[in-house]
file target.pdb (PDB, C-alpha atoms)
ATOM      1  CA  MET D 251      60.102  87.773  68.349
ATOM      2  CA  ALA D 252      57.526  87.405  65.632
ATOM      3  CA  VAL D 253      56.072  90.530  64.088
ATOM      4  CA  ASP D 254      52.480  91.161  63.133
ATOM      5  CA  ARG D 255      51.813  94.242  61.011
ATOM      6  CA  ILE D 256      48.412  95.541  61.988
ATOM      7  CA  ARG D 257      47.495  98.910  60.456
ATOM      8  CA  GLN D 258      48.494 102.414  59.390
ATOM      9  CA  MET D 259      48.567 105.342  61.871
ATOM     10  CA  THR D 260      50.078 108.765  62.276
ATOM     11  CA  VAL D 261      52.988 109.150  64.711
ATOM     12  CA  GLU D 262      50.680 110.810  67.252
ATOM     13  CA  GLU D 263      48.091 108.018  66.956
ATOM     14  CA  TYR D 264      50.825 105.399  67.336
ATOM     15  CA  ILE D 265      52.308 106.985  70.476
ATOM     16  CA  ALA D 266      48.871 107.135  72.138
ATOM     17  CA  PHE D 267      48.023 103.589  71.020
ATOM     18  CA  ASP D 268      51.358 102.101  72.136
ATOM     19  CA  GLU D 269      51.215 103.776  75.541
ATOM     20  CA  ALA D 270      47.629 102.602  76.168
ATOM     21  CA  THR D 271      48.316  98.891  75.724
ATOM     22  CA  GLU D 272      50.319  96.192  77.469
ATOM     23  CA  ILE D 273      51.624  94.804  74.158
ATOM     24  CA  ARG D 274      54.644  96.496  72.596
ATOM     25  CA  TYR D 275      54.308  97.919  69.107
ATOM     26  CA  GLU D 276      56.910  99.375  66.785
ATOM     27  CA  TYR D 277      56.175 102.047  64.221
ATOM     28  CA  ILE D 278      57.788 102.117  60.787
ATOM     29  CA  ASP D 279      56.780 104.875  58.377
ATOM     30  CA  GLY D 280      53.094 104.767  59.326
ATOM     31  CA  GLU D 281      52.849 101.018  59.816
ATOM     32  CA  VAL D 282      52.220  99.639  63.317
ATOM     33  CA  ILE D 283      53.922  96.334  64.080
ATOM     34  CA  ALA D 284      53.031  94.154  67.085
ATOM     35  CA  LEU D 285      55.902  92.357  68.786
ATOM     36  CA  SER D 286      55.249  88.933  70.218
ATOM     37  CA  GLY D 287      56.876  87.483  73.301
ATOM     38  CA  GLY D 288      60.164  85.638  73.269
ATOM     39  CA  THR D 289      61.326  82.240  74.480
ATOM     40  CA  ILE D 290      63.006  81.485  77.794
ATOM     41  CA  TYR D 291      66.345  81.493  75.936
ATOM     42  CA  HIS D 292      65.617  84.910  74.447
ATOM     43  CA  GLY D 293      64.931  86.276  77.919
ATOM     44  CA  LEU D 294      67.991  84.642  79.478
ATOM     45  CA  ILE D 295      70.331  85.850  76.743
ATOM     46  CA  MET D 296      68.924  89.377  76.915
ATOM     47  CA  ALA D 297      69.283  89.449  80.718
ATOM     48  CA  ASN D 298      72.778  87.917  80.616
ATOM     49  CA  ALA D 299      74.065  90.418  78.048
ATOM     50  CA  SER D 300      72.465  93.378  79.837
ATOM     51  CA  GLY D 301      73.762  92.247  83.231
ATOM     52  CA  ALA D 302      77.281  91.576  82.001
ATOM     53  CA  LEU D 303      77.397  95.012  80.375
ATOM     54  CA  TRP D 304      75.948  96.681  83.475
ATOM     55  CA  TYR D 305      78.653  95.074  85.610
ATOM     56  CA  ARG D 306      81.435  96.272  83.299
ATOM     57  CA  LEU D 307      80.040  99.788  82.880
ATOM     58  CA  ARG D 308      79.256 100.588  86.519
ATOM     59  CA  GLY D 309      81.059 103.709  87.618
ATOM     60  CA  SER D 310      81.254 105.030  84.047
ATOM     61  CA  ASP D 311      78.930 107.473  82.320
ATOM     62  CA  CYS D 312      77.387 104.579  80.323
ATOM     63  CA  ARG D 313      74.152 102.898  81.402
ATOM     64  CA  VAL D 314      72.290  99.823  80.198
ATOM     65  CA  ILE D 315      68.627 100.383  79.352
ATOM     66  CA  SER D 316      66.061  97.583  79.158
ATOM     67  CA  SER D 317      63.780  96.595  76.309
ATOM     68  CA  ASP D 318      61.026  98.807  77.742
ATOM     69  CA  MET D 319      62.641 101.923  76.279
ATOM     70  CA  ARG D 320      61.462 102.831  72.814
ATOM     71  CA  ASN D 321      64.156 104.251  70.481
ATOM     72  CA  ARG D 322      63.257 106.986  68.035
ATOM     73  CA  VAL D 323      64.940 106.475  64.669
ATOM     74  CA  GLY D 324      64.348 109.523  62.508
ATOM     75  CA  THR D 325      60.930 111.147  62.579
ATOM     76  CA  THR D 326      58.765 108.243  61.451
ATOM     77  CA  ARG D 327      60.308 105.173  63.094
ATOM     78  CA  TYR D 328      60.066 103.950  66.668
ATOM     79  CA  VAL D 329      61.532 100.587  67.673
ATOM     80  CA  TYR D 330      62.115  98.572  70.843
ATOM     81  CA  PRO D 331      65.589  97.024  70.973
ATOM     82  CA  ASP D 332      66.139  94.136  73.362
ATOM     83  CA  PHE D 333      68.572  96.371  75.266
ATOM     84  CA  CYS D 334      70.727  99.395  74.646
ATOM     85  CA  VAL D 335      73.522 101.369  76.247
ATOM     86  CA  VAL D 336      73.655 105.136  76.392
ATOM     87  CA  CYS D 337      76.855 106.968  77.298
ATOM     88  CA  GLY D 338      76.540 110.472  78.629
ATOM     89  CA  GLU D 339      73.192 112.119  79.221
ATOM     90  CA  PRO D 340      70.238 110.282  77.676
ATOM     91  CA  VAL D 341      68.399 112.404  75.122
ATOM     92  CA  THR D 342      64.672 111.700  75.232
ATOM     93  CA  ASP D 343      61.386 113.335  74.406
ATOM     94  CA  GLU D 344      59.585 115.428  77.027
ATOM     95  CA  ARG D 345      57.977 112.339  78.626
ATOM     96  CA  ALA D 346      61.281 110.385  78.709
ATOM     97  CA  VAL D 347      59.831 107.436  76.753
ATOM     98  CA  ASN D 348      61.696 107.748  73.445
ATOM     99  CA  LEU D 349      65.489 107.497  73.568
ATOM    100  CA  ARG D 350      67.290 109.334  70.772
ATOM    101  CA  ASN D 351      70.989 108.742  71.499
ATOM    102  CA  PRO D 352      71.923 105.107  72.152
ATOM    103  CA  THR D 353      75.623 104.244  71.913
ATOM    104  CA  LEU D 354      75.002 100.494  71.579
ATOM    105  CA  VAL D 355      71.859  98.634  70.541
ATOM    106  CA  GLY D 356      71.483  94.891  71.129
ATOM    107  CA  GLU D 357      68.985  92.544  69.525
ATOM    108  CA  VAL D 358      68.569  88.857  70.397
ATOM    109  CA  THR D 359      67.352  86.992  67.335
ATOM    110  CA  SER D 360      64.589  84.460  67.047
ATOM    111  CA  PRO D 361      63.801  82.347  63.996
ATOM    112  CA  SER D 362      61.054  84.812  63.065
ATOM    113  CA  SER D 363      63.106  88.007  63.659
ATOM    114  CA  ILE D 364      66.605  87.132  62.486
ATOM    115  CA  ASN D 365      66.255  88.527  58.963
ATOM    116  CA  ARG D 366      64.595  91.718  60.207
ATOM    117  CA  ASP D 367      67.269  92.189  62.921
ATOM    118  CA  ARG D 368      70.120  91.708  60.438
ATOM    119  CA  GLY D 369      68.535  93.776  57.660
ATOM    120  CA  GLU D 370      65.738  96.289  58.153
ATOM    121  CA  LYS D 371      66.349  97.111  61.827
ATOM    122  CA  ARG D 372      70.132  97.261  61.360
ATOM    123  CA  ARG D 373      69.692  99.870  58.619
ATOM    124  CA  TYR D 374      67.342 101.917  60.811
ATOM    125  CA  TYR D 375      69.663 101.851  63.800
ATOM    126  CA  GLN D 376      72.712 102.737  61.729
ATOM    127  CA  ASN D 377      71.031 106.061  60.880
ATOM    128  CA  ILE D 378      71.199 107.149  64.532
ATOM    129  CA  ALA D 379      74.134 109.572  64.727
ATOM    130  CA  SER D 380      75.120 108.537  68.276
ATOM    131  CA  LEU D 381      75.124 104.790  67.600
ATOM    132  CA  GLN D 382      78.592 103.231  67.665
ATOM    133  CA  VAL D 383      77.746  99.518  67.959
ATOM    134  CA  TYR D 384      74.874  97.351  66.771
ATOM    135  CA  MET D 385      75.000  93.863  68.298
ATOM    136  CA  VAL D 386      72.965  90.932  66.908
ATOM    137  CA  ILE D 387      72.968  87.964  69.304
ATOM    138  CA  ASP D 388      71.918  84.588  67.901
ATOM    139  CA  GLN D 389      69.559  82.578  70.092
ATOM    140  CA  GLN D 390      70.212  79.225  68.378
ATOM    141  CA  GLN D 391      74.008  79.078  68.718
ATOM    142  CA  PRO D 392      76.841  81.013  70.440
ATOM    143  CA  LEU D 393      77.229  83.621  67.698
ATOM    144  CA  VAL D 394      77.283  87.418  67.871
ATOM    145  CA  GLU D 395      77.490  89.813  64.939
ATOM    146  CA  LEU D 396      78.967  93.241  65.675
ATOM    147  CA  TYR D 397      78.438  96.216  63.413
ATOM    148  CA  GLU D 398      80.771  99.032  64.463
ATOM    149  CA  ARG D 399      80.811 102.607  63.212
ATOM    150  CA  GLN D 400      84.123 103.548  61.617
ATOM    151  CA  ASN D 401      85.263 106.822  60.037
ATOM    152  CA  ASP D 402      84.427 105.471  56.579
ATOM    153  CA  GLY D 403      81.247 103.513  57.340
ATOM    154  CA  TRP D 404      80.269 100.391  59.240
ATOM    155  CA  ARG D 405      82.464  97.360  59.889
ATOM    156  CA  TRP D 406      80.908  93.914  60.366
ATOM    157  CA  ARG D 407      82.569  91.222  62.464
ATOM    158  CA  GLU D 408      81.341  87.868  63.679
ATOM    159  CA  PHE D 409      82.305  86.128  66.924
ATOM    160  CA  SER D 410      81.371  82.513  67.576
ATOM    161  CA  GLY D 411      81.942  79.850  70.185
ATOM    162  CA  PRO D 412      81.804  80.066  73.955
ATOM    163  CA  ASP D 413      85.436  81.188  74.227
ATOM    164  CA  ALA D 414      85.057  84.211  71.928
ATOM    165  CA  ILE D 415      85.335  87.684  73.419
ATOM    166  CA  LEU D 416      83.614  90.757  71.969
ATOM    167  CA  PRO D 417      85.846  93.818  71.970
ATOM    168  CA  LEU D 418      83.725  96.920  72.638
ATOM    169  CA  PRO D 419      86.140  99.876  72.484
ATOM    170  CA  ALA D 420      83.231 102.338  72.182
ATOM    171  CA  LEU D 421      82.282 101.284  75.728
ATOM    172  CA  GLY D 422      85.812 100.686  77.004
ATOM    173  CA  CYS D 423      85.268  97.008  77.756
ATOM    174  CA  ASP D 424      85.186  93.462  76.390
ATOM    175  CA  LEU D 425      82.298  90.990  76.704
ATOM    176  CA  PRO D 426      82.850  87.195  76.743
ATOM    177  CA  LEU D 427      80.276  85.125  74.875
ATOM    178  CA  LYS D 428      80.279  82.624  77.737
ATOM    179  CA  GLU D 429      78.624  85.315  79.885
ATOM    180  CA  ILE D 430      76.025  86.133  77.241
ATOM    181  CA  TYR D 431      75.117  82.454  76.898
ATOM    182  CA  ASP D 432      75.442  81.484  80.573
ATOM    183  CA  GLY D 433      72.839  78.825  81.408
ATOM    184  CA  ILE D 434      71.958  78.137  77.761
ATOM    185  CA  GLN D 435      72.284  74.549  76.487
ATOM    186  CA  PHE D 436      72.705  74.139  72.738
ATOM    187  CA  GLU D 437      71.946  70.931  70.906
ATOM    188  CA  ALA D 438      75.041  69.201  69.522
TER     189      ALA D 438
END
call {"tool": "encode", "arguments": {"input": "target.pdb", "output": "structure tokens"}}
result
Amino acid sequence: MAVDRIRQMTVEEYIAFDEATEIRYEYIDGEVIALSGGTIYHGLIMANASGALWYRLRGSDCRVISSDMRNRVGTTRYVYPDFCVVCGEPVTDERAVNLRNPTLVGEVTSPSSINRDRGEKRRYYQNIASLQVYMVIDQQQPLVELYERQNDGWRWREFSGPDAILPLPALGCDLPLKEIYDGIQFEA
């Protein structure tokens, strides 16, 4: 998704503005950022990953949440991940529109968002105390980057190819890349 930085606002102004429009906006330290729509592949990958996780997590205390749920990161940052998983009771604001305790956050990259997903947004998400896994899913090739919280910091691992399997011990399951990329044709 491309980003368009539009103007400065207070947190209160942003919340009112974001909730009054059909377009999604993120908020980073006073700056309001419009998110553009994604491609068919972005949507398929996001739905595949969410659905595959939902299937594996049913019956547990973990739930998959769609991209409509804003995540609060600190006091001056609000972002919309492509999907997230929360284990245990979701912690939200009084209106239940800002999630504060995701266990896993997933972002599907686009050519315009890949650097932001791997850099700026990764750093924001890693400041959430509850977050155990940050997953960056490449839209152009079967490639997933996993950032996992360890006792001494974050560990980065990369999984590529349709036969790769993502181990997700924080969720008690594994996730095959072939399910994430089901129905996606890559150019040779």
call {"tool": "closest_residue", "arguments": {"input": "target.pdb", "among": "D:Phe267, D:Phe436, D:Trp304, D:Trp404", "to": "Asn377 in chain D", "atoms": "all atoms listed in the file"}}
result
D:Trp404
call {"tool": "atom_distance", "arguments": {"input": "target.pdb", "atom1": "CA of Val355 in chain D", "atom2": "CA of Thr260 in chain D"}}
result
25.4 Å
call {"tool": "resolve_selection", "arguments": {"input": "target.pdb", "expression": "the PyMOL selection byres ((chain D and resi 279) around 6)", "output": "ChimeraX atom specification"}}
result
/D:278,280-281,326-327
call {"tool": "write_last_selection", "arguments": {"input": "target.pdb", "atoms": "C-alpha atoms", "output": "PDB file, in the frame of the given file"}}
result
ATOM      1  CA  ILE D 278      57.788 102.117  60.787  1.00  0.00           C
ATOM      2  CA  GLY D 280      53.094 104.767  59.326  1.00  0.00           C
ATOM      3  CA  GLU D 281      52.849 101.018  59.816  1.00  0.00           C
ATOM      4  CA  THR D 326      58.765 108.243  61.451  1.00  0.00           C
ATOM      5  CA  ARG D 327      60.308 105.173  63.094  1.00  0.00           C
TER       6      ARG D 327
END
call {"tool": "resolve_selection", "arguments": {"input": "target.pdb", "expression": "the PyMOL selection byres ((chain D and resi 335) around 8)", "output": "ChimeraX atom specification"}}
result
/D:312-315,333-334,336-337,352-355
call {"tool": "resolve_selection", "arguments": {"input": "target.pdb", "expression": "the PyMOL selection byres ((chain D and resi 419) around 12)", "output": "PDB file with C-alpha atoms, in the frame of the given file"}}
result
ATOM      1  CA  THR D 353      75.623 104.244  71.913  1.00  0.00           C
ATOM      2  CA  LEU D 354      75.002 100.494  71.579  1.00  0.00           C
ATOM      3  CA  GLN D 382      78.592 103.231  67.665  1.00  0.00           C
ATOM      4  CA  VAL D 383      77.746  99.518  67.959  1.00  0.00           C
ATOM      5  CA  LEU D 396      78.967  93.241  65.675  1.00  0.00           C
ATOM      6  CA  GLU D 398      80.771  99.032  64.463  1.00  0.00           C
ATOM      7  CA  ARG D 399      80.811 102.607  63.212  1.00  0.00           C
ATOM      8  CA  GLN D 400      84.123 103.548  61.617  1.00  0.00           C
ATOM      9  CA  LEU D 416      83.614  90.757  71.969  1.00  0.00           C
ATOM     10  CA  PRO D 417      85.846  93.818  71.970  1.00  0.00           C
ATOM     11  CA  LEU D 418      83.725  96.920  72.638  1.00  0.00           C
ATOM     12  CA  ALA D 420      83.231 102.338  72.182  1.00  0.00           C
ATOM     13  CA  LEU D 421      82.282 101.284  75.728  1.00  0.00           C
ATOM     14  CA  GLY D 422      85.812 100.686  77.004  1.00  0.00           C
ATOM     15  CA  CYS D 423      85.268  97.008  77.756  1.00  0.00           C
ATOM     16  CA  ASP D 424      85.186  93.462  76.390  1.00  0.00           C
ATOM     17  CA  LEU D 425      82.298  90.990  76.704  1.00  0.00           C
TER      18      LEU D 425
END
call {"tool": "closest_residue", "arguments": {"input": "target.pdb", "among": "D:Lys371, D:Ser300, D:Tyr305, D:Pro361", "to": "Asn321 in chain D", "atoms": "only C-alpha atoms"}}
result
D:Lys371
call {"tool": "closest_residue", "arguments": {"input": "target.pdb", "among": "D:Pro340, D:Arg274, D:Ala302, D:Asp367", "to": "Arg320 in chain D", "atoms": "only C-alpha atoms"}}
result
D:Arg274
call {"tool": "closest_residue", "arguments": {"input": "target.pdb", "among": "D:Glu263, D:Glu395, D:Glu276, D:Asp268", "to": "Tyr328 in chain D", "atoms": "all atoms listed in the file"}}
result
D:Glu276
call {"tool": "closest_residue", "arguments": {"input": "target.pdb", "among": "D:Gly309, D:Gly369, D:Pro331, D:Gly433", "to": "Leu285 in chain D", "atoms": "all atoms listed in the file"}}
result
D:Pro331
